[in-house]
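run-v9.pdb, holding PDB, C-alpha atoms:
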```pdb
ATOM      1  CA  MET A  72     103.499 -57.633 192.636
ATOM      2  CA  GLN A  73     103.038 -58.253 188.906
ATOM      3  CA  ARG A  74     103.246 -56.535 185.548
ATOM      4  CA  LEU A  75      99.960 -55.313 184.055
ATOM      5  CA  GLU A  76     100.266 -57.614 181.023
ATOM      6  CA  ARG A  77     100.634 -60.605 183.351
ATOM      7  CA  ALA A  78      97.500 -59.571 185.252
ATOM      8  CA  ILE A  79      95.619 -59.436 181.945
ATOM      9  CA  ARG A  80      96.931 -62.833 180.795
ATOM     10  CA  ARG A  81      95.844 -64.332 184.126
ATOM     11  CA  ARG A  82      92.228 -63.990 182.991
ATOM     12  CA  GLY A  83      92.878 -66.479 180.183
ATOM     13  CA  ASN A  84      89.794 -66.755 177.986
ATOM     14  CA  GLN A  85      87.438 -65.277 180.581
ATOM     15  CA  ALA A  86      85.470 -62.295 179.310
ATOM     16  CA  PRO A  87      85.855 -59.152 181.423
ATOM     17  CA  VAL A  88      82.146 -58.353 181.041
ATOM     18  CA  VAL A  89      79.238 -60.587 182.096
ATOM     19  CA  PRO A  90      77.118 -61.234 178.967
ATOM     20  CA  GLY A  91      73.345 -61.069 178.719
ATOM     21  CA  LEU A  92      72.636 -57.476 179.700
ATOM     22  CA  TRP A  93      69.708 -56.010 177.799
ATOM     23  CA  PRO A  94      70.850 -54.418 174.502
ATOM     24  CA  SER A  95      69.497 -50.954 175.286
ATOM     25  CA  LEU A  96      71.634 -50.869 178.443
ATOM     26  CA  SER A  97      74.709 -52.251 176.678
ATOM     27  CA  ALA A  98      74.272 -49.531 174.039
ATOM     28  CA  ARG A  99      74.871 -47.002 176.829
ATOM     29  CA  GLN A 100      78.193 -48.729 177.662
ATOM     30  CA  ILE A 101      76.691 -50.121 180.873
ATOM     31  CA  ALA A 102      78.300 -53.411 181.892
ATOM     32  CA  ILE A 103      78.612 -55.770 184.854
ATOM     33  CA  ARG A 104      82.362 -56.386 185.024
ATOM     34  CA  ARG A 105      84.510 -59.106 186.540
ATOM     35  CA  GLY A 106      86.762 -57.900 189.326
ATOM     36  CA  GLU A 107      84.346 -55.085 190.182
ATOM     37  CA  VAL A 108      81.398 -54.511 192.513
ATOM     38  CA  SER A 109      78.193 -53.367 190.792
ATOM     39  CA  MET A 110      74.948 -52.431 192.505
ATOM     40  CA  VAL A 111      71.255 -52.484 191.626
ATOM     41  CA  ALA A 112      69.182 -50.410 194.041
ATOM     42  CA  GLY A 113      65.557 -49.456 194.388
ATOM     43  CA  ALA A 114      62.624 -49.203 196.725
ATOM     44  CA  PRO A 115      61.019 -52.420 198.042
ATOM     45  CA  GLY A 116      59.076 -54.068 195.225
ATOM     46  CA  ALA A 117      60.884 -52.166 192.472
ATOM     47  CA  GLY A 118      62.088 -55.391 190.809
ATOM     48  CA  LYS A 119      65.724 -55.604 191.953
ATOM     49  CA  SER A 120      65.647 -59.371 192.477
ATOM     50  CA  THR A 121      63.821 -59.918 189.189
ATOM     51  CA  PHE A 122      66.460 -57.856 187.395
ATOM     52  CA  ALA A 123      69.332 -59.834 188.974
ATOM     53  CA  ALA A 124      67.753 -63.260 188.426
ATOM     54  CA  ALA A 125      66.834 -62.428 184.828
ATOM     55  CA  LEU A 126      70.397 -61.264 184.156
ATOM     56  CA  ALA A 127      71.789 -64.482 185.668
ATOM     57  CA  VAL A 128      69.495 -66.571 183.440
ATOM     58  CA  ARG A 129      70.320 -64.536 180.318
ATOM     59  CA  ALA A 130      74.072 -64.579 180.963
ATOM     60  CA  GLN A 131      74.334 -68.393 180.978
ATOM     61  CA  VAL A 132      77.653 -68.189 182.867
ATOM     62  CA  GLY A 133      78.666 -69.724 186.174
ATOM     63  CA  THR A 134      76.725 -67.898 188.880
ATOM     64  CA  LEU A 135      76.557 -68.062 192.667
ATOM     65  CA  TYR A 136      73.367 -66.431 193.928
ATOM     66  CA  ILE A 137      73.220 -65.567 197.652
ATOM     67  CA  SER A 138      69.456 -65.278 198.198
ATOM     68  CA  ALA A 139      69.194 -63.921 201.737
ATOM     69  CA  ASP A 140      66.039 -61.943 201.043
ATOM     70  CA  THR A 141      63.964 -64.675 199.376
ATOM     71  CA  HIS A 142      63.079 -68.222 200.480
ATOM     72  CA  SER A 143      64.004 -71.154 198.236
ATOM     73  CA  HIS A 144      60.365 -71.993 197.404
ATOM     74  CA  THR A 145      59.630 -68.417 196.357
ATOM     75  CA  MET A 146      62.803 -68.212 194.302
ATOM     76  CA  ALA A 147      61.972 -71.500 192.562
ATOM     77  CA  LEU A 148      58.481 -70.185 191.796
ATOM     78  CA  ARG A 149      59.883 -66.965 190.340
ATOM     79  CA  LEU A 150      62.542 -68.742 188.315
ATOM     80  CA  LEU A 151      60.080 -71.266 186.877
ATOM     81  CA  SER A 152      57.796 -68.431 185.846
ATOM     82  CA  MET A 153      60.704 -66.578 184.251
ATOM     83  CA  LEU A 154      61.929 -69.630 182.343
ATOM     84  CA  SER A 155      58.502 -70.776 181.137
ATOM     85  CA  GLY A 156      56.666 -67.492 180.596
ATOM     86  CA  ALA A 157      53.734 -68.757 182.675
ATOM     87  CA  GLU A 158      52.226 -66.599 185.404
ATOM     88  CA  GLN A 159      53.264 -67.368 188.966
ATOM     89  CA  ALA A 160      49.757 -68.347 190.045
ATOM     90  CA  GLN A 161      49.741 -71.144 187.464
ATOM     91  CA  VAL A 162      53.329 -72.168 188.176
ATOM     92  CA  GLU A 163      52.639 -72.615 191.879
ATOM     93  CA  GLN A 164      50.014 -75.231 191.021
ATOM     94  CA  TRP A 165      52.361 -77.054 188.675
ATOM     95  CA  MET A 166      55.051 -77.164 191.360
ATOM     96  CA  THR A 167      52.756 -79.520 193.265
ATOM     97  CA  THR A 168      51.102 -81.453 190.445
ATOM     98  CA  ASN A 169      53.823 -81.712 187.787
ATOM     99  CA  PRO A 170      57.297 -82.364 189.267
ATOM    100  CA  GLU A 171      58.630 -83.609 185.918
ATOM    101  CA  TRP A 172      57.827 -80.235 184.345
ATOM    102  CA  VAL A 173      59.542 -78.484 187.250
ATOM    103  CA  THR A 174      62.729 -80.504 186.791
ATOM    104  CA  SER A 175      62.884 -80.067 183.021
ATOM    105  CA  THR A 176      62.148 -76.336 183.201
ATOM    106  CA  LEU A 177      64.761 -75.646 185.882
ATOM    107  CA  ALA A 178      67.352 -77.270 183.615
ATOM    108  CA  GLY A 179      67.488 -73.883 181.892
ATOM    109  CA  ALA A 180      69.184 -72.453 184.971
ATOM    110  CA  GLN A 181      71.574 -75.242 185.931
ATOM    111  CA  HIS A 182      74.483 -72.812 185.680
ATOM    112  CA  ILE A 183      73.207 -71.025 188.813
ATOM    113  CA  ARG A 184      74.109 -72.285 192.303
ATOM    114  CA  TRP A 185      72.195 -71.008 195.317
ATOM    115  CA  CYS A 186      72.745 -70.136 198.974
ATOM    116  CA  PHE A 187      69.645 -69.378 201.070
ATOM    117  CA  ASP A 188      71.322 -68.277 204.307
ATOM    118  CA  SER A 189      69.035 -65.537 205.635
ATOM    119  CA  ALA A 190      71.852 -63.551 207.262
ATOM    120  CA  PRO A 191      75.120 -64.366 205.474
ATOM    121  CA  SER A 192      78.336 -62.864 206.774
ATOM    122  CA  ILE A 193      81.312 -62.087 204.581
ATOM    123  CA  LYS A 194      82.848 -65.323 205.942
ATOM    124  CA  THR A 195      79.764 -67.259 204.769
ATOM    125  CA  ILE A 196      80.082 -65.742 201.298
ATOM    126  CA  GLU A 197      83.791 -66.614 201.163
ATOM    127  CA  GLU A 198      82.987 -70.202 202.184
ATOM    128  CA  GLU A 199      80.281 -70.457 199.511
ATOM    129  CA  LEU A 200      82.749 -69.203 196.911
ATOM    130  CA  ALA A 201      85.290 -71.787 198.050
ATOM    131  CA  ALA A 202      82.658 -74.549 197.874
ATOM    132  CA  TYR A 203      81.666 -73.425 194.367
ATOM    133  CA  GLU A 204      85.304 -73.568 193.255
ATOM    134  CA  GLU A 205      85.754 -77.001 194.827
ATOM    135  CA  LEU A 206      82.678 -78.297 193.000
ATOM    136  CA  ASN A 207      83.301 -76.669 189.626
ATOM    137  CA  GLY A 208      87.068 -76.281 189.457
ATOM    138  CA  THR A 209      86.797 -72.521 188.964
ATOM    139  CA  THR A 210      85.260 -69.476 190.563
ATOM    140  CA  PRO A 211      81.914 -68.218 189.242
ATOM    141  CA  ASP A 212      81.727 -65.427 186.695
ATOM    142  CA  LEU A 213      78.906 -63.749 188.609
ATOM    143  CA  LEU A 214      78.210 -63.481 192.353
ATOM    144  CA  VAL A 215      74.832 -61.981 193.308
ATOM    145  CA  ILE A 216      74.214 -60.709 196.867
ATOM    146  CA  ASP A 217      70.454 -60.314 197.445
ATOM    147  CA  ASN A 218      70.534 -58.122 199.404
ATOM    148  CA  LEU A 219      73.147 -56.045 201.193
ATOM    149  CA  ILE A 220      71.177 -55.151 204.309
ATOM    150  CA  ASP A 221      70.661 -58.865 205.123
ATOM    151  CA  CYS A 222      74.435 -59.265 205.486
ATOM    152  CA  VAL A 223      74.567 -56.790 208.365
ATOM    153  CA  GLY A 224      74.303 -58.257 211.858
ATOM    154  CA  GLY A 225      74.994 -57.416 215.458
ATOM    155  CA  GLU A 226      75.044 -54.038 217.131
ATOM    156  CA  GLY A 227      76.748 -50.856 216.093
ATOM    157  CA  ASP A 228      76.650 -48.411 213.205
ATOM    158  CA  GLU A 229      74.535 -50.120 210.518
ATOM    159  CA  TRP A 230      75.629 -47.789 207.718
ATOM    160  CA  GLY A 231      79.256 -48.167 208.724
ATOM    161  CA  GLN A 232      78.844 -51.942 208.550
ATOM    162  CA  LEU A 233      77.372 -51.613 205.047
ATOM    163  CA  ARG A 234      80.356 -49.610 203.839
ATOM    164  CA  SER A 235      82.750 -52.093 205.443
ATOM    165  CA  LEU A 236      80.922 -54.999 203.765
ATOM    166  CA  LEU A 237      81.206 -53.366 200.370
ATOM    167  CA  LYS A 238      84.951 -52.950 200.856
ATOM    168  CA  ASP A 239      85.187 -56.661 201.707
ATOM    169  CA  MET A 240      83.164 -57.486 198.583
ATOM    170  CA  LYS A 241      85.481 -55.333 196.502
ATOM    171  CA  TRP A 242      88.386 -57.401 197.801
ATOM    172  CA  LEU A 243      86.492 -60.610 196.948
ATOM    173  CA  ALA A 244      85.776 -59.353 193.432
ATOM    174  CA  ARG A 245      89.445 -58.590 192.831
ATOM    175  CA  ASP A 246      90.835 -61.686 194.562
ATOM    176  CA  SER A 247      88.450 -64.145 192.858
ATOM    177  CA  ASP A 248      88.116 -62.195 189.583
ATOM    178  CA  VAL A 249      84.333 -62.437 189.884
ATOM    179  CA  ALA A 250      81.658 -59.885 188.987
ATOM    180  CA  VAL A 251      79.918 -59.034 192.263
ATOM    181  CA  LEU A 252      76.376 -57.718 191.866
ATOM    182  CA  VAL A 253      74.930 -56.358 195.113
ATOM    183  CA  LEU A 254      71.243 -55.517 195.556
ATOM    184  CA  HIS A 255      70.398 -52.667 197.894
ATOM    185  CA  HIS A 256      67.522 -50.442 199.018
ATOM    186  CA  THR A 257      66.876 -46.792 198.296
ATOM    187  CA  SER A 258      65.025 -44.485 200.629
ATOM    188  CA  GLU A 259      61.273 -44.210 200.078
ATOM    189  CA  GLY A 260      61.404 -40.531 201.037
ATOM    190  CA  PHE A 261      61.861 -39.417 197.427
ATOM    191  CA  ASP A 262      58.902 -38.605 195.162
ATOM    192  CA  ILE A 263      59.679 -40.539 191.964
ATOM    193  CA  SER A 264      57.150 -40.168 189.172
ATOM    194  CA  GLY A 265      57.119 -40.364 185.384
ATOM    195  CA  PRO A 266      60.094 -41.901 183.576
ATOM    196  CA  ALA A 267      62.602 -41.539 186.418
ATOM    197  CA  CYS A 268      64.525 -43.618 188.966
ATOM    198  CA  PRO A 269      65.733 -42.894 192.500
ATOM    199  CA  PRO A 270      68.722 -40.531 192.486
ATOM    200  CA  ARG A 271      72.137 -41.574 193.743
ATOM    201  CA  LYS A 272      71.595 -39.687 197.000
ATOM    202  CA  ALA A 273      68.611 -41.987 197.745
ATOM    203  CA  LEU A 274      70.903 -44.975 198.418
ATOM    204  CA  GLN A 275      70.491 -46.076 202.011
ATOM    205  CA  GLY A 276      73.683 -45.563 203.965
ATOM    206  CA  LYS A 277      75.254 -43.397 201.246
ATOM    207  CA  VAL A 278      77.224 -46.394 199.971
ATOM    208  CA  ALA A 279      77.935 -45.215 196.418
ATOM    209  CA  GLN A 280      81.687 -44.849 196.944
ATOM    210  CA  THR A 281      82.773 -48.476 196.438
ATOM    211  CA  PRO A 282      80.733 -49.864 193.488
ATOM    212  CA  ALA A 283      82.041 -49.181 189.990
ATOM    213  CA  LEU A 284      78.458 -49.125 188.730
ATOM    214  CA  VAL A 285      75.213 -48.223 190.500
ATOM    215  CA  LEU A 286      71.912 -48.761 188.701
ATOM    216  CA  THR A 287      68.675 -47.629 190.292
ATOM    217  CA  VAL A 288      65.357 -49.109 189.190
ATOM    218  CA  ALA A 289      61.682 -48.146 189.418
ATOM    219  CA  ASN A 290      58.462 -49.683 188.114
ATOM    220  CA  HIS A 291      55.813 -47.052 188.835
ATOM    221  CA  ASP A 292      54.284 -47.355 185.326
ATOM    222  CA  THR A 293      52.325 -50.527 184.523
ATOM    223  CA  GLY A 294      54.338 -52.733 182.185
ATOM    224  CA  SER A 295      57.576 -50.761 182.573
ATOM    225  CA  MET A 296      60.823 -50.945 184.500
ATOM    226  CA  TYR A 297      63.043 -47.885 184.366
ATOM    227  CA  VAL A 298      66.792 -48.302 184.838
ATOM    228  CA  CYS A 299      69.281 -45.496 185.366
ATOM    229  CA  PRO A 300      73.079 -45.521 185.870
ATOM    230  CA  VAL A 301      73.400 -43.044 188.729
ATOM    231  CA  LYS A 302      77.103 -43.891 188.965
ATOM    232  CA  SER A 303      79.387 -45.423 186.344
ATOM    233  CA  ARG A 304      83.154 -45.420 186.051
ATOM    234  CA  TYR A 305      83.036 -46.538 182.417
ATOM    235  CA  SER A 306      80.188 -44.518 180.880
ATOM    236  CA  ALA A 307      77.995 -41.457 181.320
ATOM    237  CA  ALA A 308      76.011 -41.365 184.553
ATOM    238  CA  SER A 309      72.889 -39.538 185.663
ATOM    239  CA  PRO A 310      73.131 -38.980 189.442
ATOM    240  CA  SER A 311      69.654 -37.398 189.421
ATOM    241  CA  GLY A 312      68.078 -40.624 188.108
ATOM    242  CA  THR A 313      66.394 -38.851 185.201
ATOM    243  CA  ASP A 314      68.272 -40.268 182.185
ATOM    244  CA  VAL A 315      66.538 -43.634 182.138
ATOM    245  CA  THR A 316      66.230 -46.692 179.915
ATOM    246  CA  ARG A 317      62.797 -48.294 179.733
ATOM    247  CA  LEU A 318      62.432 -52.070 179.798
ATOM    248  CA  ILE A 319      59.228 -54.070 179.492
ATOM    249  CA  TYR A 320      58.353 -55.542 182.894
ATOM    250  CA  ARG A 321      55.628 -58.063 183.688
ATOM    251  CA  PRO A 322      56.030 -59.062 187.343
ATOM    252  CA  GLU A 323      53.276 -61.679 187.196
ATOM    253  CA  SER A 324      55.509 -63.776 184.918
ATOM    254  CA  MET A 325      58.898 -62.339 185.966
ATOM    255  CA  PHE A 326      59.434 -61.054 182.428
ATOM    256  CA  ILE A 327      61.937 -58.302 181.583
ATOM    257  CA  ALA A 328      62.910 -57.382 178.013
ATOM    258  CA  ASP A 329      63.875 -54.570 175.718
ATOM    259  CA  PRO A 330      60.795 -53.189 173.951
ATOM    260  CA  ASN A 331      61.891 -54.893 170.716
ATOM    261  CA  GLU A 332      62.268 -58.216 172.571
ATOM    262  CA  GLY A 333      58.664 -58.275 173.850
ATOM    263  CA  ARG A 334      56.960 -61.619 174.265
TER     264      ARG A 334
END
```
Encoded form using structure tokens:
Amino acid sequence: MQRLERAIRRRGNQAPVVPGLWPSLSARQIAIRRGEVSMVAGAPGAGKSTFAAALAVRAQVGTLYISADTHSHTMALRLLSMLSGAEQAQVEQWMTTNPEWVTSTLAGAQHIRWCFDSAPSIKTIEEELAAYEELNGTTPDLLVIDNLIDCVGGEGDEWGQLRSLLKDMKWLARDSDVAVLVLHHTSEGFDISGPACPPRKALQGKVAQTPALVLTVANHDTGSMYVCPVKSRYSAASPSGTDVTRLIYRPESMFIADPNEGR
């Protein structure tokens, strides 16, 4: 038990919001917050992992990235493309022929630590957090879980397990004062066209109760990624997925930017 002012002082100089979010999203009072669970959801191939990795690179804060969905080689390829601006086809050649370039380029993401367990349990995630703290002397600012469905194992009610996992992650976020960003799937049974994103009801397993923020993403227009806050405890939300923000998206080079940031 503690007074509220003591709980606030416990944060020290740590910012309550993870920096680096794209300005057009920040202008809508959208934020990834320490001590909270946030979610980015979309159909397969919508760009969830690109969004999370790009945010981690932009934030330049201590990050633990649990990459259950993507192999280490593929993640290295994507990250090198993102950091250099080169297309992935070219980067994959350089990964073999130019190891010095690979090392120097990846230096831009040294603040990110990785776990490539393909089916991490909540115990695995807790152990990775403990190892991060042992190595760095502090917990990370940002913990990315990519993605939620890969953390479910065994028999039983899959959706019930998802909801239980999110409750455990909420406890982790509070206990470690870390911003937990969970990636999740939406159902493909919704016809999304034009400048729109999957609605909140499209979340698989109906798991919107626990996260403080749920963003859904879509990339059905060439060169665009649409982002919509279908749930937000701190700002206006659009559960229908229709009040979107457009970002520039070039998947061949893992590039995401505000329109006025275009490269």
Going by the chain IDs and residue numbers used in this file, which residues fall under the PyMOL selection byres ((chain A and resi 152) around 10)? Write them as a PDB file with C-alpha atoms, in the frame of the given file.
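out.pdb was written with the following content:
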```pdb
ATOM      1  CA  MET A 146      62.803 -68.212 194.302  1.00  0.00           C
ATOM      2  CA  ALA A 147      61.972 -71.500 192.562  1.00  0.00           C
ATOM      3  CA  LEU A 148      58.481 -70.185 191.796  1.00  0.00           C
ATOM      4  CA  ARG A 149      59.883 -66.965 190.340  1.00  0.00           C
ATOM      5  CA  LEU A 150      62.542 -68.742 188.315  1.00  0.00           C
ATOM      6  CA  LEU A 151      60.080 -71.266 186.877  1.00  0.00           C
ATOM      7  CA  MET A 153      60.704 -66.578 184.251  1.00  0.00           C
ATOM      8  CA  LEU A 154      61.929 -69.630 182.343  1.00  0.00           C
ATOM      9  CA  SER A 155      58.502 -70.776 181.137  1.00  0.00           C
ATOM     10  CA  GLY A 156      56.666 -67.492 180.596  1.00  0.00           C
ATOM     11  CA  ALA A 157      53.734 -68.757 182.675  1.00  0.00           C
ATOM     12  CA  GLU A 158      52.226 -66.599 185.404  1.00  0.00           C
ATOM     13  CA  GLN A 159      53.264 -67.368 188.966  1.00  0.00           C
ATOM     14  CA  ALA A 160      49.757 -68.347 190.045  1.00  0.00           C
ATOM     15  CA  GLN A 161      49.741 -71.144 187.464  1.00  0.00           C
ATOM     16  CA  VAL A 162      53.329 -72.168 188.176  1.00  0.00           C
ATOM     17  CA  GLU A 163      52.639 -72.615 191.879  1.00  0.00           C
ATOM     18  CA  THR A 176      62.148 -76.336 183.201  1.00  0.00           C
ATOM     19  CA  PRO A 322      56.030 -59.062 187.343  1.00  0.00           C
ATOM     20  CA  GLU A 323      53.276 -61.679 187.196  1.00  0.00           C
ATOM     21  CA  SER A 324      55.509 -63.776 184.918  1.00  0.00           C
ATOM     22  CA  MET A 325      58.898 -62.339 185.966  1.00  0.00           C
ATOM     23  CA  PHE A 326      59.434 -61.054 182.428  1.00  0.00           C
TER      24      PHE A 326
END
```
Open item on the list: Report as an MDAnalysis selection string all protein, DNA and RNA residues lying within 12 Å of Val301 (chain A), evaluated on all atoms listed in the file, omitting residues in the same chain fewer than 4 positions from it.
Closed with: chainID A and resid 101 109:113 267:274 279:280 282:288 306:316
Expected file: the selected residues, C-alpha atoms, as a PDB file, keeping the file's coordinate frame:
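Final file, out.pdb:
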```pdb
ATOM      1  CA  ILE A 101      76.691 -50.121 180.873  1.00  0.00           C
ATOM      2  CA  SER A 109      78.193 -53.367 190.792  1.00  0.00           C
ATOM      3  CA  MET A 110      74.948 -52.431 192.505  1.00  0.00           C
ATOM      4  CA  VAL A 111      71.255 -52.484 191.626  1.00  0.00           C
ATOM      5  CA  ALA A 112      69.182 -50.410 194.041  1.00  0.00           C
ATOM      6  CA  GLY A 113      65.557 -49.456 194.388  1.00  0.00           C
ATOM      7  CA  ALA A 267      62.602 -41.539 186.418  1.00  0.00           C
ATOM      8  CA  CYS A 268      64.525 -43.618 188.966  1.00  0.00           C
ATOM      9  CA  PRO A 269      65.733 -42.894 192.500  1.00  0.00           C
ATOM     10  CA  PRO A 270      68.722 -40.531 192.486  1.00  0.00           C
ATOM     11  CA  ARG A 271      72.137 -41.574 193.743  1.00  0.00           C
ATOM     12  CA  LYS A 272      71.595 -39.687 197.000  1.00  0.00           C
ATOM     13  CA  ALA A 273      68.611 -41.987 197.745  1.00  0.00           C
ATOM     14  CA  LEU A 274      70.903 -44.975 198.418  1.00  0.00           C
ATOM     15  CA  ALA A 279      77.935 -45.215 196.418  1.00  0.00           C
ATOM     16  CA  GLN A 280      81.687 -44.849 196.944  1.00  0.00           C
ATOM     17  CA  PRO A 282      80.733 -49.864 193.488  1.00  0.00           C
ATOM     18  CA  ALA A 283      82.041 -49.181 189.990  1.00  0.00           C
ATOM     19  CA  LEU A 284      78.458 -49.125 188.730  1.00  0.00           C
ATOM     20  CA  VAL A 285      75.213 -48.223 190.500  1.00  0.00           C
ATOM     21  CA  LEU A 286      71.912 -48.761 188.701  1.00  0.00           C
ATOM     22  CA  THR A 287      68.675 -47.629 190.292  1.00  0.00           C
ATOM     23  CA  VAL A 288      65.357 -49.109 189.190  1.00  0.00           C
ATOM     24  CA  SER A 306      80.188 -44.518 180.880  1.00  0.00           C
ATOM     25  CA  ALA A 307      77.995 -41.457 181.320  1.00  0.00           C
ATOM     26  CA  ALA A 308      76.011 -41.365 184.553  1.00  0.00           C
ATOM     27  CA  SER A 309      72.889 -39.538 185.663  1.00  0.00           C
ATOM     28  CA  PRO A 310      73.131 -38.980 189.442  1.00  0.00           C
ATOM     29  CA  SER A 311      69.654 -37.398 189.421  1.00  0.00           C
ATOM     30  CA  GLY A 312      68.078 -40.624 188.108  1.00  0.00           C
ATOM     31  CA  THR A 313      66.394 -38.851 185.201  1.00  0.00           C
ATOM     32  CA  ASP A 314      68.272 -40.268 182.185  1.00  0.00           C
ATOM     33  CA  VAL A 315      66.538 -43.634 182.138  1.00  0.00           C
ATOM     34  CA  THR A 316      66.230 -46.692 179.915  1.00  0.00           C
TER      35      THR A 316
END
```
Open item on the list: Given only C-alpha atoms as the basis, pick out the residue of A:Asn218, A:Thr209, A:Asn290, A:Ser295 nearest to Gly118 (chain A).
Closed with: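 When distances to Gly118 (chain A) are compared using only C-alpha atoms, the smallest one comes from A:Asn290.
Counting from CA of His144 (chain A), the distance to CA of Glu332 (chain A) is 28.5 Å.
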TODO: Choose the residue, out of A:Asn331, A:Met296, A:Ser303, A:Ser97, that has the smallest atom-to-atom separation from Arg317 (chain A); count all atoms listed in the file.
DONE: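 When distances to Arg317 (chain A) are compared using all atoms listed in the file, the smallest one comes from A:Met296.
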Open item on the list: Please determine, counting all atoms listed in the file, which residue among A:Leu318, A:Ala190, A:Val215, A:Pro330 has the shortest atom-to-atom distance to Leu252 (chain A).
Closed with: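 Between A:Leu318, A:Ala190, A:Val215, A:Pro330, the residue approaching Leu252 (chain A) most closely is A:Val215.
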Open item on the list: Could you tell me how far CA of Pro87 (chain A) sits from CA of Val108 (chain A), in Å to one decimal place?
Closed with: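 Interatomic distance, CA of Val108 (chain A) to CA of Pro87 (chain A): 12.8 Å.
Going from CA of Asp188 (chain A) over to CA of Pro115 (chain A), you cover 19.9 Å.
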Task: Residues matched by the PyMOL selection byres ((chain A and resi 179) around 12), written as a ChimeraX atom specification - done: /A:125,127-132,150-155,172-178,180-183
